[in-house]
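To start, the structure under review is shown below, and the notes come after it.
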Amino acid sequence: MFSILIIYEAENLELLITELKASIPDLDIEVWPEVENPEKIEAILTWKPPLGIMAKFPQLKVIMSLGAGVEQILRDPNLPQNVPIVRIVEPRVTSRMTEYILLAVLRVHRQAFAYQTLQQAQHWQPLPLPETSSCTIGILGLGILGTDAARTLNTLGFPIRGWSRTPKNIDGIKCFHGLDQLQPCLSQCRVLVCLLPLTKETKGILNRETFSAMPQGSYVINVARGQHLVEQDLLAALDSGQLSGACLDVFSQEPLPENHPFWSYPQITITPHVATQTDSEYWTQSLIDTICCFRDGLPLKNLVNRQQGY
Ligand code: NAP
Ligand code: GLV
């Protein structure tokens with residue numbers, strides 16, 4: 001028998017528990033906060049755990065993040081050293097993120113906002129149809145999600161510039177890396193997509209300097225974390241016309257507070273942190289695979305590098 005603890009509030013938790021037990025009969029599952037045997041817990045499944053909680057389980061041997069981003073786990077100063085952290089990587093999470101980015105990019109590229117205004121004015125006015133080759137897209141973060149979005153957009157003919165921490169060589173994508181190459185990367189980007197993990201290096205990276213390095217009238221899509229964005233700098237860049245608009249799926253405070261200026265800002269499109277999700281069956285299977293690898297002493301996939309913060 002081996003014990004896992006779930007620290008996660010979700011409507012379909014019972015279903016997850018039933019499916020985990022059906023696939024791994026020797027699994028003992030506890031659900032936080034009612035933990036009967038803390039000394040037996042060997043694995044924790046979580047996304048946004050309360051601070052300090054991980055240190056309460058002396059036998060803890062693996063942490064499984066239910067999210068792709070792990071900053072909520074790494075922020076804990078009492079996180080036990082040397083316990084591996086595995087994050088969720090699942091093909092549907094990737095393809096749905098790419099769908100969202102395609103939607104946001106194509107809305108800009110095919111002038112959806114202009115046609116909406118024309119329709120409201122009941123005005124029949126065809127606009128010139130731009131070539132995809134004239135719209136360079138920048139992607140900050142060339143990891144699992146960024147690379148898929150970059151490749152898919154590139155197959156539609158969009159020139160892509162990608163930025164990562166370490167050098168990359170991806171067919172058809174102009175790759176940049178490191179802080180020194182951020183501004184050169186941005187200089188041609190009509191649309192900028194943020195798909196970086198939230199780390200001390202990337203916090204606040206969508207700021208005045210970044211926006212100024214892009215061509216005037218560019219558009220920003222943030223699907224990573226709200227804290228990548230300096231909110232006041234976005235509003236100033238929209239007011240000055242340096243940016244023409246922004247599509248935001250993530251926010252520093254979620255849910256976005258009722259009185260937040262973003263809600264009523266005409267050039268901002270808001271979604272409630274739904275850029276991607278996976279169906280519970282695939283999600284559960286991915287968790288089962290990780291639990292089985294851990295139980296059987298097999299190498300764990302999708303390990304987080306704690307030093308790098310992602
Ligand atoms: P990933 O595979 O870990 O990729 C991260 C990428 O960011 C890598 O290319 C990495 O560079 C780059 N990077 C990290 N630090 C950097 C720095 N200081 N400078 C330049 N590049 C840097 O992550 P992922 O799976 O693609 O996910 C990215 C993020 O998306 C997650 O962390 C999460 O916050 C967010 N997300 C949001 C949603 C949503 O629904 N809105 C859903 C899932 C994920 P290297 O390749 O050189 O290491
Ligand atoms: C969602 O935001 C995730 O990190 O998976």
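The way I read the labels, and the way they are meant: chains A, B, ... in the order of the structure tokens, residue 1 as the first residue of every chain, and ligand 1 as the first ligand shown, with later ones counted on from there.
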
- Task: Grab me every residue within 6 Å of ligand 2, counting only C-alpha atoms and all ligand atoms, and send it over as a VMD selection string.
- Result: chain A and resid 67 to 69

Taking only C-alpha atoms and all ligand atoms into account, report as a compact mmCIF listing (two decimals) with N, CA, C and O atoms, in the first residue's frame which residues have an atom no farther than 7 Å from an atom of ligand 1.
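Result file follows (out.txt):
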# COMPACT_ATOMS: atom_id res chain seq x y z
N GLY A 67 -0.70 21.45 -12.43
CA GLY A 67 -0.59 22.50 -13.45
C GLY A 67 0.74 22.39 -14.17
O GLY A 67 1.68 21.75 -13.68
N ALA A 68 0.81 23.03 -15.35
CA ALA A 68 2.08 23.08 -16.08
C ALA A 68 3.03 24.05 -15.39
O ALA A 68 4.23 23.83 -15.30
N GLY A 69 2.47 25.14 -14.86
CA GLY A 69 3.27 26.11 -14.12
C GLY A 69 3.41 25.65 -12.67
O GLY A 69 2.45 25.15 -12.08
N VAL A 70 4.59 25.82 -12.10
CA VAL A 70 4.83 25.27 -10.75
C VAL A 70 5.24 26.34 -9.74
O VAL A 70 5.68 26.01 -8.64
N VAL A 89 2.26 17.43 -18.24
CA VAL A 89 2.49 17.71 -19.66
C VAL A 89 1.61 16.72 -20.39
O VAL A 89 1.75 15.51 -20.20
N VAL A 93 -3.42 19.49 -23.46
CA VAL A 93 -3.13 20.79 -22.85
C VAL A 93 -2.38 21.64 -23.88
O VAL A 93 -2.68 22.82 -24.08
N MET A 97 -3.95 24.94 -25.94
CA MET A 97 -3.28 26.23 -25.80
C MET A 97 -2.99 26.81 -27.18
O MET A 97 -3.22 28.00 -27.44
N LEU A 140 7.45 34.36 -26.49
CA LEU A 140 8.37 34.33 -25.36
C LEU A 140 8.17 33.00 -24.65
O LEU A 140 7.09 32.72 -24.12
N GLY A 141 9.20 32.16 -24.68
CA GLY A 141 9.09 30.81 -24.12
C GLY A 141 8.93 29.80 -25.24
O GLY A 141 7.90 29.78 -25.91
N LEU A 142 9.99 29.03 -25.46
CA LEU A 142 9.93 28.00 -26.52
C LEU A 142 9.98 26.63 -25.87
O LEU A 142 10.79 25.77 -26.24
N GLY A 143 9.10 26.44 -24.86
CA GLY A 143 9.03 25.14 -24.20
C GLY A 143 7.99 24.29 -24.89
O GLY A 143 7.73 24.42 -26.09
N ILE A 144 7.34 23.44 -24.10
CA ILE A 144 6.33 22.52 -24.64
C ILE A 144 5.25 23.32 -25.36
O ILE A 144 4.90 23.03 -26.50
N LEU A 145 4.72 24.34 -24.69
CA LEU A 145 3.58 25.08 -25.27
C LEU A 145 4.04 26.05 -26.35
O LEU A 145 3.43 26.13 -27.42
N GLY A 146 5.10 26.80 -26.07
CA GLY A 146 5.56 27.82 -27.02
C GLY A 146 5.99 27.20 -28.34
O GLY A 146 5.69 27.74 -29.41
N TRP A 163 11.78 33.21 -28.27
CA TRP A 163 12.80 33.59 -27.28
C TRP A 163 12.80 32.59 -26.13
O TRP A 163 11.73 32.23 -25.61
N SER A 164 13.98 32.14 -25.78
CA SER A 164 14.10 31.17 -24.68
C SER A 164 15.32 31.53 -23.83
O SER A 164 16.04 32.49 -24.13
N ARG A 165 15.55 30.75 -22.80
CA ARG A 165 16.71 31.02 -21.92
C ARG A 165 17.99 30.46 -22.56
O ARG A 165 19.01 31.12 -22.58
N THR A 166 17.86 29.25 -23.11
CA THR A 166 19.03 28.61 -23.73
C THR A 166 18.85 28.60 -25.25
O THR A 166 17.71 28.70 -25.74
N PRO A 167 19.94 28.45 -26.01
CA PRO A 167 19.82 28.49 -27.47
C PRO A 167 18.96 27.35 -28.01
O PRO A 167 18.95 26.26 -27.44
N HIS A 177 17.82 33.98 -27.70
CA HIS A 177 17.87 33.52 -26.31
C HIS A 177 18.60 34.53 -25.44
O HIS A 177 19.43 35.31 -25.93
N GLY A 178 18.28 34.47 -24.16
CA GLY A 178 18.96 35.32 -23.18
C GLY A 178 18.49 36.77 -23.25
O GLY A 178 17.95 37.22 -24.26
N LEU A 179 18.72 37.46 -22.14
CA LEU A 179 18.24 38.84 -22.02
C LEU A 179 18.79 39.74 -23.12
O LEU A 179 18.07 40.60 -23.64
N LEU A 195 4.53 32.94 -23.15
CA LEU A 195 4.36 31.55 -22.67
C LEU A 195 5.57 31.15 -21.84
O LEU A 195 6.11 30.05 -21.98
N LEU A 196 5.95 32.07 -20.95
CA LEU A 196 7.09 31.82 -20.07
C LEU A 196 6.60 31.27 -18.74
O LEU A 196 5.48 31.59 -18.31
N PRO A 197 7.43 30.51 -18.04
CA PRO A 197 7.07 30.20 -16.65
C PRO A 197 7.28 31.44 -15.80
O PRO A 197 8.08 32.31 -16.18
N LEU A 198 6.60 31.52 -14.68
CA LEU A 198 6.81 32.67 -13.80
C LEU A 198 7.99 32.38 -12.87
O LEU A 198 7.93 31.48 -12.04
N THR A 199 9.06 33.13 -13.07
CA THR A 199 10.26 32.97 -12.23
C THR A 199 10.72 34.38 -11.85
O THR A 199 10.16 35.36 -12.35
N GLU A 201 13.24 35.82 -12.86
CA GLU A 201 13.76 36.48 -14.07
C GLU A 201 12.63 36.96 -15.00
O GLU A 201 12.81 37.90 -15.76
N THR A 202 11.50 36.30 -14.97
CA THR A 202 10.46 36.61 -15.97
C THR A 202 9.31 37.45 -15.40
O THR A 202 8.49 37.97 -16.15
N VAL A 223 -0.79 34.44 -21.94
CA VAL A 223 -1.45 33.18 -21.53
C VAL A 223 -0.59 32.45 -20.51
O VAL A 223 -0.81 31.27 -20.24
N ALA A 224 0.39 33.16 -19.93
CA ALA A 224 1.31 32.48 -19.01
C ALA A 224 0.87 32.70 -17.57
O ALA A 224 0.15 31.88 -17.00
N ARG A 225 1.27 33.83 -16.99
CA ARG A 225 0.84 34.18 -15.64
C ARG A 225 0.61 35.70 -15.58
O ARG A 225 1.32 36.47 -16.21
N ASP A 249 -5.46 36.08 -20.58
CA ASP A 249 -6.15 34.92 -19.99
C ASP A 249 -5.80 34.77 -18.51
O ASP A 249 -6.48 34.05 -17.79
N VAL A 250 -4.74 35.44 -18.09
CA VAL A 250 -4.24 35.27 -16.72
C VAL A 250 -4.02 36.63 -16.08
O VAL A 250 -3.71 37.61 -16.77
N HIS A 273 -8.76 32.53 -17.30
CA HIS A 273 -7.74 31.47 -17.15
C HIS A 273 -8.24 30.12 -17.70
O HIS A 273 -8.30 29.13 -16.98
N VAL A 274 -8.58 30.18 -18.97
CA VAL A 274 -9.14 28.96 -19.61
C VAL A 274 -8.44 28.67 -20.94
O VAL A 274 -8.97 27.92 -21.75
N ALA A 275 -7.26 29.26 -21.14
CA ALA A 275 -6.61 29.09 -22.45
C ALA A 275 -6.49 27.61 -22.78
O ALA A 275 -6.63 27.20 -23.92
N THR A 276 -6.21 26.82 -21.77
CA THR A 276 -6.17 25.38 -22.02
C THR A 276 -6.63 24.61 -20.79
O THR A 276 -6.53 25.09 -19.66
N GLN A 277 -7.12 23.45 -21.06
CA GLN A 277 -7.51 22.50 -20.00
C GLN A 277 -7.43 21.14 -20.65
O GLN A 277 -7.43 21.04 -21.87
N TYR A 310 11.44 26.18 -13.10
CA TYR A 310 10.39 25.67 -14.00
C TYR A 310 10.75 24.29 -14.50
O TYR A 310 11.87 23.83 -14.28

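Close contacts of Glu14 of chain A, defined as residues with an atom at most 12 Å away when counting only C-alpha atoms, with chain neighbours fewer than 4 positions off set aside, comprise Ile6, Tyr8, Glu9, Ala10, Thr18, Glu19, Leu20, Lys21, Ile29, Glu30, Val31, Ser280 and Thr284 of chain A.
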
Atoms to include: all heavy atoms. Write the selected residues as a compact mmCIF listing (two decimals), in the first residue's frame.
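Ended up saving to result_21.txt:
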# COMPACT_ATOMS: atom_id res chain seq x y z
N ILE A 6 -4.10 14.35 -1.81
CA ILE A 6 -4.53 15.31 -2.82
C ILE A 6 -4.82 16.63 -2.12
O ILE A 6 -5.63 16.69 -1.20
CB ILE A 6 -5.80 14.81 -3.56
CG1 ILE A 6 -5.51 13.45 -4.22
CG2 ILE A 6 -6.26 15.82 -4.59
CD1 ILE A 6 -6.70 12.85 -4.96
N TYR A 8 -6.20 19.72 -3.44
CA TYR A 8 -6.77 20.34 -4.64
C TYR A 8 -8.28 20.37 -4.48
O TYR A 8 -8.89 19.34 -4.14
CB TYR A 8 -6.39 19.47 -5.86
CG TYR A 8 -6.82 20.04 -7.20
CD1 TYR A 8 -6.35 21.28 -7.63
CD2 TYR A 8 -7.68 19.33 -8.03
CE1 TYR A 8 -6.73 21.77 -8.87
CE2 TYR A 8 -8.06 19.83 -9.27
CZ TYR A 8 -7.57 21.06 -9.68
OH TYR A 8 -7.95 21.55 -10.90
N GLU A 9 -8.87 21.54 -4.73
CA GLU A 9 -10.32 21.62 -4.63
C GLU A 9 -10.90 21.58 -6.03
O GLU A 9 -10.59 22.44 -6.85
CB GLU A 9 -10.72 22.92 -3.96
CG GLU A 9 -10.55 22.86 -2.46
CD GLU A 9 -10.75 24.21 -1.80
OE1 GLU A 9 -11.60 24.99 -2.28
OE2 GLU A 9 -10.04 24.47 -0.83
N ALA A 10 -11.69 20.55 -6.30
CA ALA A 10 -12.31 20.48 -7.63
C ALA A 10 -13.62 19.75 -7.51
O ALA A 10 -13.79 18.88 -6.64
CB ALA A 10 -11.39 19.74 -8.59
N THR A 18 -11.92 7.83 -7.66
CA THR A 18 -12.44 6.52 -8.08
C THR A 18 -11.56 5.95 -9.19
O THR A 18 -11.20 4.76 -9.18
CB THR A 18 -13.89 6.68 -8.61
OG1 THR A 18 -14.62 7.38 -7.62
CG2 THR A 18 -14.54 5.36 -8.92
N GLU A 19 -11.20 6.80 -10.15
CA GLU A 19 -10.41 6.30 -11.29
C GLU A 19 -8.99 5.92 -10.86
O GLU A 19 -8.45 4.91 -11.33
CB GLU A 19 -10.39 7.34 -12.41
CG GLU A 19 -11.74 7.41 -13.10
CD GLU A 19 -11.83 8.52 -14.14
OE1 GLU A 19 -10.88 9.31 -14.27
OE2 GLU A 19 -12.88 8.58 -14.80
N LEU A 20 -8.42 6.71 -9.97
CA LEU A 20 -7.07 6.37 -9.49
C LEU A 20 -7.10 5.03 -8.76
O LEU A 20 -6.26 4.16 -8.98
CB LEU A 20 -6.53 7.46 -8.55
CG LEU A 20 -6.14 8.82 -9.16
CD1 LEU A 20 -5.67 9.78 -8.07
CD2 LEU A 20 -5.05 8.66 -10.20
N LYS A 21 -8.12 4.84 -7.93
CA LYS A 21 -8.20 3.60 -7.14
C LYS A 21 -8.46 2.40 -8.05
O LYS A 21 -7.95 1.31 -7.82
CB LYS A 21 -9.30 3.70 -6.09
CG LYS A 21 -8.84 4.49 -4.88
CD LYS A 21 -9.80 4.37 -3.74
CE LYS A 21 -9.22 4.94 -2.47
NZ LYS A 21 -10.25 5.40 -1.54
N ILE A 29 -5.58 6.85 -0.68
CA ILE A 29 -5.70 8.27 -1.04
C ILE A 29 -6.28 9.07 0.12
O ILE A 29 -7.34 8.74 0.65
CB ILE A 29 -6.60 8.44 -2.29
CG1 ILE A 29 -6.04 7.62 -3.46
CG2 ILE A 29 -6.70 9.92 -2.67
CD1 ILE A 29 -6.84 7.72 -4.74
N GLU A 30 -5.59 10.13 0.49
CA GLU A 30 -6.14 11.05 1.49
C GLU A 30 -6.39 12.39 0.80
O GLU A 30 -5.72 12.72 -0.19
CB GLU A 30 -5.15 11.24 2.63
CG GLU A 30 -4.80 9.94 3.35
CD GLU A 30 -4.81 10.09 4.85
OE1 GLU A 30 -5.70 10.81 5.38
OE2 GLU A 30 -3.93 9.51 5.50
N VAL A 31 -7.35 13.13 1.34
CA VAL A 31 -7.66 14.43 0.73
C VAL A 31 -7.52 15.51 1.80
O VAL A 31 -8.16 15.43 2.86
CB VAL A 31 -9.09 14.44 0.14
CG1 VAL A 31 -9.40 15.81 -0.48
CG2 VAL A 31 -9.25 13.36 -0.92
N SER A 280 -10.85 15.20 -18.12
CA SER A 280 -10.41 14.50 -16.91
C SER A 280 -9.85 13.12 -17.21
O SER A 280 -8.92 12.66 -16.57
CB SER A 280 -11.53 14.44 -15.88
OG SER A 280 -12.46 13.49 -16.26
N THR A 284 -6.31 12.20 -15.78
CA THR A 284 -6.19 11.10 -14.83
C THR A 284 -5.17 10.08 -15.33
O THR A 284 -4.35 9.58 -14.57
CB THR A 284 -7.56 10.43 -14.62
OG1 THR A 284 -8.49 11.45 -14.31
CG2 THR A 284 -7.53 9.42 -13.51

Taking the DSSP assignment computed from this structure's backbone, write out as a PDB file with C-alpha atoms, in the first residue's frame all residues of segment 95-249 of chain A that belong to helix (DSSP H, G or I).
ATOM      1  CA  SER A  95      -3.054  21.547 -28.534  1.00  0.00           C
ATOM      2  CA  ARG A  96      -5.743  23.526 -26.746  1.00  0.00           C
ATOM      3  CA  MET A  97      -3.278  26.234 -25.800  1.00  0.00           C
ATOM      4  CA  THR A  98      -2.267  26.438 -29.445  1.00  0.00           C
ATOM      5  CA  GLU A  99      -5.966  26.703 -30.422  1.00  0.00           C
ATOM      6  CA  TYR A 100      -6.396  29.633 -28.054  1.00  0.00           C
ATOM      7  CA  ILE A 101      -3.331  31.419 -29.402  1.00  0.00           C
ATOM      8  CA  LEU A 102      -4.473  30.823 -32.996  1.00  0.00           C
ATOM      9  CA  LEU A 103      -7.838  32.325 -32.159  1.00  0.00           C
ATOM     10  CA  ALA A 104      -6.253  35.385 -30.574  1.00  0.00           C
ATOM     11  CA  VAL A 105      -3.723  35.877 -33.384  1.00  0.00           C
ATOM     12  CA  LEU A 106      -6.252  35.398 -36.186  1.00  0.00           C
ATOM     13  CA  ARG A 107      -8.663  37.854 -34.574  1.00  0.00           C
ATOM     14  CA  VAL A 108      -5.939  40.482 -34.891  1.00  0.00           C
ATOM     15  CA  HIS A 109      -4.629  39.387 -38.265  1.00  0.00           C
ATOM     16  CA  ALA A 112     -12.015  41.032 -36.323  1.00  0.00           C
ATOM     17  CA  PHE A 113     -12.103  44.078 -34.054  1.00  0.00           C
ATOM     18  CA  ALA A 114     -12.385  46.502 -36.974  1.00  0.00           C
ATOM     19  CA  TYR A 115     -15.202  44.472 -38.551  1.00  0.00           C
ATOM     20  CA  GLN A 116     -17.016  44.367 -35.214  1.00  0.00           C
ATOM     21  CA  THR A 117     -16.922  48.167 -35.103  1.00  0.00           C
ATOM     22  CA  LEU A 118     -18.070  48.381 -38.729  1.00  0.00           C
ATOM     23  CA  GLN A 119     -20.949  46.015 -38.027  1.00  0.00           C
ATOM     24  CA  GLN A 120     -22.048  48.056 -35.028  1.00  0.00           C
ATOM     25  CA  THR A 132       0.339  36.231 -42.979  1.00  0.00           C
ATOM     26  CA  SER A 133       3.928  36.798 -44.118  1.00  0.00           C
ATOM     27  CA  SER A 134       3.574  40.467 -43.137  1.00  0.00           C
ATOM     28  CA  ILE A 144       6.333  22.518 -24.642  1.00  0.00           C
ATOM     29  CA  LEU A 145       3.578  25.078 -25.267  1.00  0.00           C
ATOM     30  CA  GLY A 146       5.561  27.817 -27.016  1.00  0.00           C
ATOM     31  CA  THR A 147       7.159  25.453 -29.527  1.00  0.00           C
ATOM     32  CA  ASP A 148       3.827  23.935 -30.543  1.00  0.00           C
ATOM     33  CA  ALA A 149       2.213  27.349 -31.000  1.00  0.00           C
ATOM     34  CA  ALA A 150       5.266  28.574 -32.939  1.00  0.00           C
ATOM     35  CA  ARG A 151       5.231  25.613 -35.333  1.00  0.00           C
ATOM     36  CA  THR A 152       1.469  25.784 -35.925  1.00  0.00           C
ATOM     37  CA  LEU A 153       1.473  29.524 -36.619  1.00  0.00           C
ATOM     38  CA  ASN A 154       4.492  29.094 -38.867  1.00  0.00           C
ATOM     39  CA  THR A 155       2.672  26.511 -41.008  1.00  0.00           C
ATOM     40  CA  LEU A 179      18.244  38.836 -22.017  1.00  0.00           C
ATOM     41  CA  ASP A 180      20.682  40.389 -24.535  1.00  0.00           C
ATOM     42  CA  GLN A 181      18.619  39.028 -27.414  1.00  0.00           C
ATOM     43  CA  LEU A 182      15.211  40.009 -26.108  1.00  0.00           C
ATOM     44  CA  GLN A 183      15.068  43.453 -27.735  1.00  0.00           C
ATOM     45  CA  PRO A 184      16.311  42.219 -31.144  1.00  0.00           C
ATOM     46  CA  CYS A 185      13.668  39.493 -30.948  1.00  0.00           C
ATOM     47  CA  LEU A 186      10.915  42.010 -30.221  1.00  0.00           C
ATOM     48  CA  ARG A 208       7.065  49.453 -20.810  1.00  0.00           C
ATOM     49  CA  GLU A 209      10.520  48.613 -22.131  1.00  0.00           C
ATOM     50  CA  THR A 210       9.284  45.452 -23.820  1.00  0.00           C
ATOM     51  CA  PHE A 211       6.301  47.217 -25.385  1.00  0.00           C
ATOM     52  CA  SER A 212       8.511  50.088 -26.607  1.00  0.00           C
ATOM     53  CA  GLY A 226      -0.654  37.515 -14.595  1.00  0.00           C
ATOM     54  CA  GLN A 227       2.539  38.544 -12.825  1.00  0.00           C
ATOM     55  CA  HIS A 228       4.429  38.596 -16.097  1.00  0.00           C
ATOM     56  CA  GLU A 231      -0.593  46.298 -15.560  1.00  0.00           C
ATOM     57  CA  GLN A 232      -0.002  50.065 -15.468  1.00  0.00           C
ATOM     58  CA  ASP A 233       2.530  49.765 -18.297  1.00  0.00           C
ATOM     59  CA  LEU A 234      -0.022  47.929 -20.422  1.00  0.00           C
ATOM     60  CA  LEU A 235      -2.659  50.603 -19.878  1.00  0.00           C
ATOM     61  CA  ALA A 236      -0.133  53.369 -20.675  1.00  0.00           C
ATOM     62  CA  ALA A 237       0.987  51.577 -23.859  1.00  0.00           C
ATOM     63  CA  LEU A 238      -2.636  51.168 -24.973  1.00  0.00           C
ATOM     64  CA  ASP A 239      -3.406  54.814 -24.234  1.00  0.00           C
ATOM     65  CA  SER A 240      -0.387  56.025 -26.204  1.00  0.00           C
TER      66      SER A 240
END

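Using only C-alpha atoms, the contacts of Val62 of chain A at a cut-off of 10 Å, with sequence neighbours closer than 6 positions omitted, comprise Ile4, Ile41, Glu42, Ala43, Ile44, Leu45, Asn82, Val83, Pro84, Ile85, Val86, Thr290, Ile291, Phe294 and Leu300 of chain A.
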
For the residues in the current selection, export all heavy atoms as a compact mmCIF listing (two decimals), in the first residue's frame.
# COMPACT_ATOMS: atom_id res chain seq x y z
N ILE A 4 -1.05 8.54 -1.09
CA ILE A 4 -0.89 9.88 -1.69
C ILE A 4 -1.91 10.82 -1.04
O ILE A 4 -2.96 10.40 -0.56
CB ILE A 4 -1.05 9.88 -3.22
CG1 ILE A 4 -2.50 9.63 -3.64
CG2 ILE A 4 -0.12 8.92 -3.90
CD1 ILE A 4 -2.74 9.98 -5.09
N ILE A 41 2.29 9.58 4.12
CA ILE A 41 2.14 10.19 2.78
C ILE A 41 3.48 10.19 2.04
O ILE A 41 4.46 10.75 2.50
CB ILE A 41 1.62 11.65 2.90
CG1 ILE A 41 0.26 11.70 3.58
CG2 ILE A 41 1.60 12.36 1.54
CD1 ILE A 41 -0.86 11.01 2.86
N GLU A 42 3.46 9.57 0.84
CA GLU A 42 4.69 9.52 0.05
C GLU A 42 4.63 10.42 -1.18
O GLU A 42 5.65 10.78 -1.75
CB GLU A 42 4.95 8.08 -0.41
CG GLU A 42 5.34 7.16 0.72
CD GLU A 42 5.66 5.79 0.21
OE1 GLU A 42 6.71 5.61 -0.41
OE2 GLU A 42 4.82 4.89 0.40
N ALA A 43 3.40 10.71 -1.62
CA ALA A 43 3.27 11.55 -2.81
C ALA A 43 2.16 12.57 -2.59
O ALA A 43 1.17 12.28 -1.90
CB ALA A 43 2.93 10.68 -4.01
N ILE A 44 2.34 13.75 -3.16
CA ILE A 44 1.30 14.78 -3.06
C ILE A 44 0.93 15.22 -4.47
O ILE A 44 1.79 15.44 -5.32
CB ILE A 44 1.79 15.98 -2.22
CG1 ILE A 44 1.85 15.57 -0.75
CG2 ILE A 44 0.88 17.19 -2.40
CD1 ILE A 44 2.27 16.67 0.22
N LEU A 45 -0.38 15.29 -4.67
CA LEU A 45 -0.94 15.80 -5.94
C LEU A 45 -1.51 17.17 -5.64
O LEU A 45 -2.41 17.29 -4.81
CB LEU A 45 -2.15 14.95 -6.31
CG LEU A 45 -2.03 13.71 -7.15
CD1 LEU A 45 -3.39 13.11 -7.38
CD2 LEU A 45 -1.42 14.07 -8.45
N ASN A 82 15.28 18.15 -2.21
CA ASN A 82 15.50 16.85 -2.86
C ASN A 82 14.25 16.02 -3.13
O ASN A 82 14.35 14.84 -3.46
CB ASN A 82 16.49 15.98 -2.06
CG ASN A 82 17.78 16.74 -1.79
OD1 ASN A 82 18.23 17.47 -2.67
ND2 ASN A 82 18.32 16.60 -0.60
N VAL A 83 13.07 16.58 -2.91
CA VAL A 83 11.85 15.85 -3.31
C VAL A 83 11.56 16.26 -4.76
O VAL A 83 11.38 17.45 -5.04
CB VAL A 83 10.65 16.20 -2.40
CG1 VAL A 83 9.36 15.58 -2.94
CG2 VAL A 83 10.91 15.72 -0.99
N PRO A 84 11.55 15.29 -5.70
CA PRO A 84 11.32 15.69 -7.09
C PRO A 84 9.91 16.23 -7.30
O PRO A 84 8.96 15.81 -6.64
CB PRO A 84 11.52 14.39 -7.88
CG PRO A 84 11.45 13.29 -6.89
CD PRO A 84 11.75 13.85 -5.53
N ILE A 85 9.81 17.18 -8.22
CA ILE A 85 8.51 17.75 -8.58
C ILE A 85 8.27 17.41 -10.05
O ILE A 85 9.13 17.68 -10.91
CB ILE A 85 8.48 19.27 -8.38
CG1 ILE A 85 8.80 19.61 -6.92
CG2 ILE A 85 7.12 19.86 -8.78
CD1 ILE A 85 9.06 21.10 -6.68
N VAL A 86 7.12 16.81 -10.30
CA VAL A 86 6.76 16.44 -11.67
C VAL A 86 5.59 17.33 -12.07
O VAL A 86 4.67 17.53 -11.28
CB VAL A 86 6.30 14.96 -11.70
CG1 VAL A 86 5.82 14.57 -13.08
CG2 VAL A 86 7.42 14.05 -11.24
N THR A 290 2.33 8.64 -13.99
CA THR A 290 3.39 9.15 -13.10
C THR A 290 3.42 8.35 -11.79
O THR A 290 4.50 7.98 -11.32
CB THR A 290 3.15 10.65 -12.79
OG1 THR A 290 3.07 11.34 -14.02
CG2 THR A 290 4.26 11.23 -11.95
N ILE A 291 2.25 8.08 -11.23
CA ILE A 291 2.20 7.35 -9.95
C ILE A 291 2.82 5.95 -10.14
O ILE A 291 3.60 5.48 -9.32
CB ILE A 291 0.75 7.25 -9.42
CG1 ILE A 291 0.25 8.65 -9.03
CG2 ILE A 291 0.68 6.32 -8.21
CD1 ILE A 291 -1.24 8.73 -8.74
N PHE A 294 6.56 6.14 -10.39
CA PHE A 294 7.13 6.39 -9.07
C PHE A 294 7.10 5.11 -8.23
O PHE A 294 8.11 4.69 -7.65
CB PHE A 294 6.33 7.50 -8.37
CG PHE A 294 6.67 7.64 -6.93
CD1 PHE A 294 7.91 8.13 -6.54
CD2 PHE A 294 5.77 7.26 -5.95
CE1 PHE A 294 8.24 8.23 -5.21
CE2 PHE A 294 6.10 7.36 -4.61
CZ PHE A 294 7.34 7.85 -4.24
N LEU A 300 11.15 9.29 -13.66
CA LEU A 300 9.98 10.18 -13.74
C LEU A 300 10.16 11.14 -14.91
O LEU A 300 11.26 11.64 -15.15
CB LEU A 300 9.86 10.99 -12.44
CG LEU A 300 9.59 10.17 -11.19
CD1 LEU A 300 9.67 11.05 -9.94
CD2 LEU A 300 8.21 9.50 -11.27

- DSSP on the backbone: what in segment 219-294 of chain A comes out strand (DSSP E or B), as a PyMOL selection string? chain A and resi 219-222+229+243-248+268-270

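Take atom CA of Trp283 of chain A and atom CA of Glu90 of chain A: the distance between them is 7.3 Å.
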
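The closest residue to Arg161 of chain A, picked from A:Gln188, A:Thr94, A:Ser252, A:Ser218 and counting only C-alpha atoms, is A:Gln188.
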
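Minimum atom-to-atom distance to Cys135 of chain A, evaluated using only C-alpha atoms, belongs to A:Pro215 out of A:Pro58, A:Pro215, A:Pro80, A:Pro33.
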
- Would you please work out which residue, of A:Leu229, A:Leu51, A:Ile173, A:Val220, is nearest to Gly204 of chain A when using only C-alpha atoms? A:Leu229

- Query: Which is closer to Gly138 of chain A than all the others in A:Gln81, A:Asn207, A:Lys61, A:Asn222, using only C-alpha atoms?
  - Reply: A:Asn222

- Atomic separation - atom CA of Leu156 of chain A relative to atom CA of Gly245 of chain A, Å: 22.1 Å

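Residue nearest Thr269 of chain A, chosen from A:Ile221, A:Leu298, A:Ile24, A:Leu303 and counting only C-alpha atoms: A:Ile221.
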